[in-house]
Amino acid sequence: MTNTPETVIKDIGKVLNDSSRPMKERFRALFTLRNLGGQTAIECISQCFSDKSVLLKHELAYCLGQMQDERAIPVLRSLLEDKEQDPIVRHEAAEALGAIGDPKLRDILEKYMEDPAVEVAETCQIALHRLNWVANSDEESQSKSLYLSVDPAPPSNEKDVDILKAVLMDEKESLFERYRAMFSLRNLGTTESINALGEGFKASSALFRHEVAFVFGQMQDERSVPFLKSTLENTHEHEMVRHEAAEALGSIATEECTEVLQRYLQDPRPVVRESCEVALDMSEYENSPEFQYANTLLAVEA
Ligand SMILES: [Fe+2]
Ligand SMILES: [Fe+2]
């Protein structure tokens, strides 16, 4: 994908920036741009922050972080500083800055570590821990996770589920250490570790609960469905957590998942209903012989 002509990248950018297109198409365009990378892709993604969809904008920030390209720092900084942006978008901008991991970002993350939006404050605290960790660890252990994601924290070296669960649920422990336990439980992938992660939905931090749902989405394991289903069904739950549960159900893509996603396609909260739309599109892909989920490149070139 490295020799894609600029004009093709820009065409994909147009799909992303076209608010008359269905959200699922815009998401596919976004993931294609993320995979392509480079200056033009970053510009196309950055343009889209003027959109009104919180869901789309938070995903733009997430993708910029996963690209780990320093050229995205200015736009991510300005998002974090913009109090008019939804906390979900600002949270994702802070996490993305942590993923890029440049020590120069310490100042801005410290500035917002007590932000009145608790999702933002907690994310900055975790990202600062990550910067410290990056500064003190060798290249090899920083490499991408089993799931090819740049995680907000590295997995803990502990492998004992009971010990990991105790850290996961310890409200006095730092979120960074609790995330480390979470990613280690994810990597274990056993029934016990999945059940321990499911307990994580009882944690007091909404940010933490949304990360549990995100991790279940990465694992794509049917054993997590009961936890995810009850999270999406709980209309008192934070919309950021319900959104992540919906997308995880989309990636697991069983009939039961589809049924629950269809029920929330008209949810009063835009972030939740748009997530269900995108999730149903992801599950269609999971159940089809299509080669790649993000295939806007092929569509544009055809
Ligand atoms: Fe997030
Ligand atoms: Fe998300």
# chains A, B, ... in the order shown; residues from 1 in each chain; ligands from 1

call {"tool": "residues_near_ligand", "arguments": {"ligand": "ligand 2", "cutoff": "8 Å", "atoms": "only C-alpha atoms and all ligand atoms", "output": "list in words"}}
result
Leu55, His58, Glu59, Tyr62, Glu92, His210, Phe214, Met240, His243 and Glu244 of chain A

call {"tool": "residues_around", "arguments": {"residues": "region 99-114 of chain A", "least_positions_apart": "3", "cutoff": "10 Å", "atoms": "only C-alpha atoms", "output": "number ranges by chain"}}
result
A: 62, 64-70, 72-73, 77, 80-81, 93-96, 117-135, 149-153

call {"tool": "closest_residue", "arguments": {"among": "A:Leu97, A:Leu188, A:Val225, A:Cys48", "to": "Glu256 (chain A)", "atoms": "only C-alpha atoms"}}
result
A:Val225

call {"tool": "closest_residue", "arguments": {"among": "A:Glu222, A:Glu239, A:Glu158, A:Asp138", "to": "ligand 1", "atoms": "only C-alpha atoms and all ligand atoms"}}
result
A:Glu239

call {"tool": "residues_around", "arguments": {"residues": "Ile194 (chain A)", "least_positions_apart": "4", "cutoff": "9 Å", "atoms": "only C-alpha atoms", "output": "list in words"}}
result
Leu185, Arg186, Leu188, Gly189, Thr190, Gly198, Glu199, Phe216, Asp221, Arg223 and Ser224 of chain A

call {"tool": "write_last_selection", "arguments": {"atoms": "N, CA and C atoms", "output": "CSV table (one decimal), in the first residue's frame"}}
result
chain,number,residue,atom,x,y,z
A,185,LEU,N,-4.4,-9.9,31.2
A,185,LEU,CA,-5.6,-10.8,31.2
A,185,LEU,C,-6.0,-11.0,29.7
A,186,ARG,N,-6.1,-9.9,29.0
A,186,ARG,CA,-6.4,-10.1,27.5
A,186,ARG,C,-5.5,-11.1,26.9
A,188,LEU,N,-3.9,-13.5,28.0
A,188,LEU,CA,-4.0,-14.9,28.5
A,188,LEU,C,-5.2,-15.5,27.7
A,189,GLY,N,-6.3,-14.8,27.5
A,189,GLY,CA,-7.4,-15.3,26.7
A,189,GLY,C,-8.1,-16.6,27.2
A,190,THR,N,-8.1,-16.9,28.5
A,190,THR,CA,-8.8,-18.1,29.0
A,190,THR,C,-10.1,-17.7,29.6
A,198,GLY,N,-14.5,-9.3,32.8
A,198,GLY,CA,-15.9,-8.9,32.9
A,198,GLY,C,-16.2,-8.3,34.3
A,199,GLU,N,-15.5,-8.7,35.3
A,199,GLU,CA,-15.7,-8.0,36.6
A,199,GLU,C,-15.3,-6.5,36.5
A,216,PHE,N,-12.3,-6.5,25.0
A,216,PHE,CA,-13.2,-7.6,24.5
A,216,PHE,C,-13.3,-7.5,23.0
A,221,ASP,N,-14.0,-12.8,21.4
A,221,ASP,CA,-14.3,-14.1,22.0
A,221,ASP,C,-15.7,-14.1,22.5
A,223,ARG,N,-17.1,-15.7,24.6
A,223,ARG,CA,-17.4,-15.8,26.1
A,223,ARG,C,-17.6,-14.5,26.7
A,224,SER,N,-17.2,-13.4,26.0
A,224,SER,CA,-17.4,-12.1,26.6
A,224,SER,C,-18.8,-11.5,26.3

call {"tool": "atom_distance", "arguments": {"atom1": "CA of Glu171 (chain A)", "atom2": "CA of Phe183 (chain A)"}}
result
17.0 Å

call {"tool": "closest_residue", "arguments": {"among": "A:Leu79, A:Ile45, A:Val241, A:Leu164", "to": "ligand 1", "atoms": "only C-alpha atoms and all ligand atoms"}}
result
A:Val241

call {"tool": "select_by_dssp", "arguments": {"residues": "region 53-282 of chain A", "states": "helix (DSSP H, G or I)", "output": "ChimeraX atom specification"}}
result
/A:54-67,70-81,87-100,103-111,118-136,139-142,161-168,175-188,191-202,206-219,222-233,239-252,255-263,270-282

call {"tool": "residues_around", "arguments": {"residues": "region 274-286 of chain A", "least_positions_apart": "5", "cutoff": "7 Å", "atoms": "only C-alpha atoms", "output": "short mmCIF file (atom, residue, chain, number, x, y, z; two decimals) with C-alpha atoms, in the first residue's frame"}}
result
data_model
loop_
_atom_site.label_atom_id
_atom_site.label_comp_id
_atom_site.auth_asym_id
_atom_site.auth_seq_id
_atom_site.Cartn_x
_atom_site.Cartn_y
_atom_site.Cartn_z
CA MET A 23 -21.14 6.53 8.82
CA LYS A 24 -20.05 2.98 8.00
CA HIS A 243 -20.26 2.66 22.40
CA ALA A 246 -21.45 -2.07 20.73
CA GLU A 247 -18.32 -2.10 18.59
CA GLY A 250 -19.86 -6.04 16.09
CA SER A 251 -16.45 -7.61 15.93
CA ALA A 253 -20.49 -10.90 15.17
CA THR A 258 -26.47 -8.75 15.74
CA LEU A 261 -27.06 -4.21 18.04
CA TYR A 264 -30.07 -0.02 19.75
CA LEU A 265 -29.89 1.39 16.20
CA TYR A 293 -12.56 -4.63 6.27
#

call {"tool": "closest_residue", "arguments": {"among": "A:Ser156, A:Pro289, A:Phe31, A:Arg242", "to": "ligand 1", "atoms": "only C-alpha atoms and all ligand atoms"}}
result
A:Arg242

call {"tool": "atom_distance", "arguments": {"atom1": "CA of Pro155 (chain A)", "atom2": "CA of Gln142 (chain A)"}}
result
10.4 Å

call {"tool": "atom_distance", "arguments": {"atom1": "CA of Gly200 (chain A)", "atom2": "CA of Gln85 (chain A)"}}
result
27.7 Å

call {"tool": "closest_residue", "arguments": {"among": "A:Arg90, A:Arg34, A:Lys165, A:His236", "to": "ligand 1", "atoms": "only C-alpha atoms and all ligand atoms"}}
result
A:Arg90

call {"tool": "residues_around", "arguments": {"residues": "Ala41 (chain A)", "least_positions_apart": "3", "cutoff": "12 Å", "atoms": "only C-alpha atoms", "output": "count of residues only"}}
result
36

call {"tool": "closest_residue", "arguments": {"among": "A:Asp162, A:Glu211, A:Asp18, A:Glu177", "to": "ligand 1", "atoms": "only C-alpha atoms and all ligand atoms"}}
result
A:Glu211
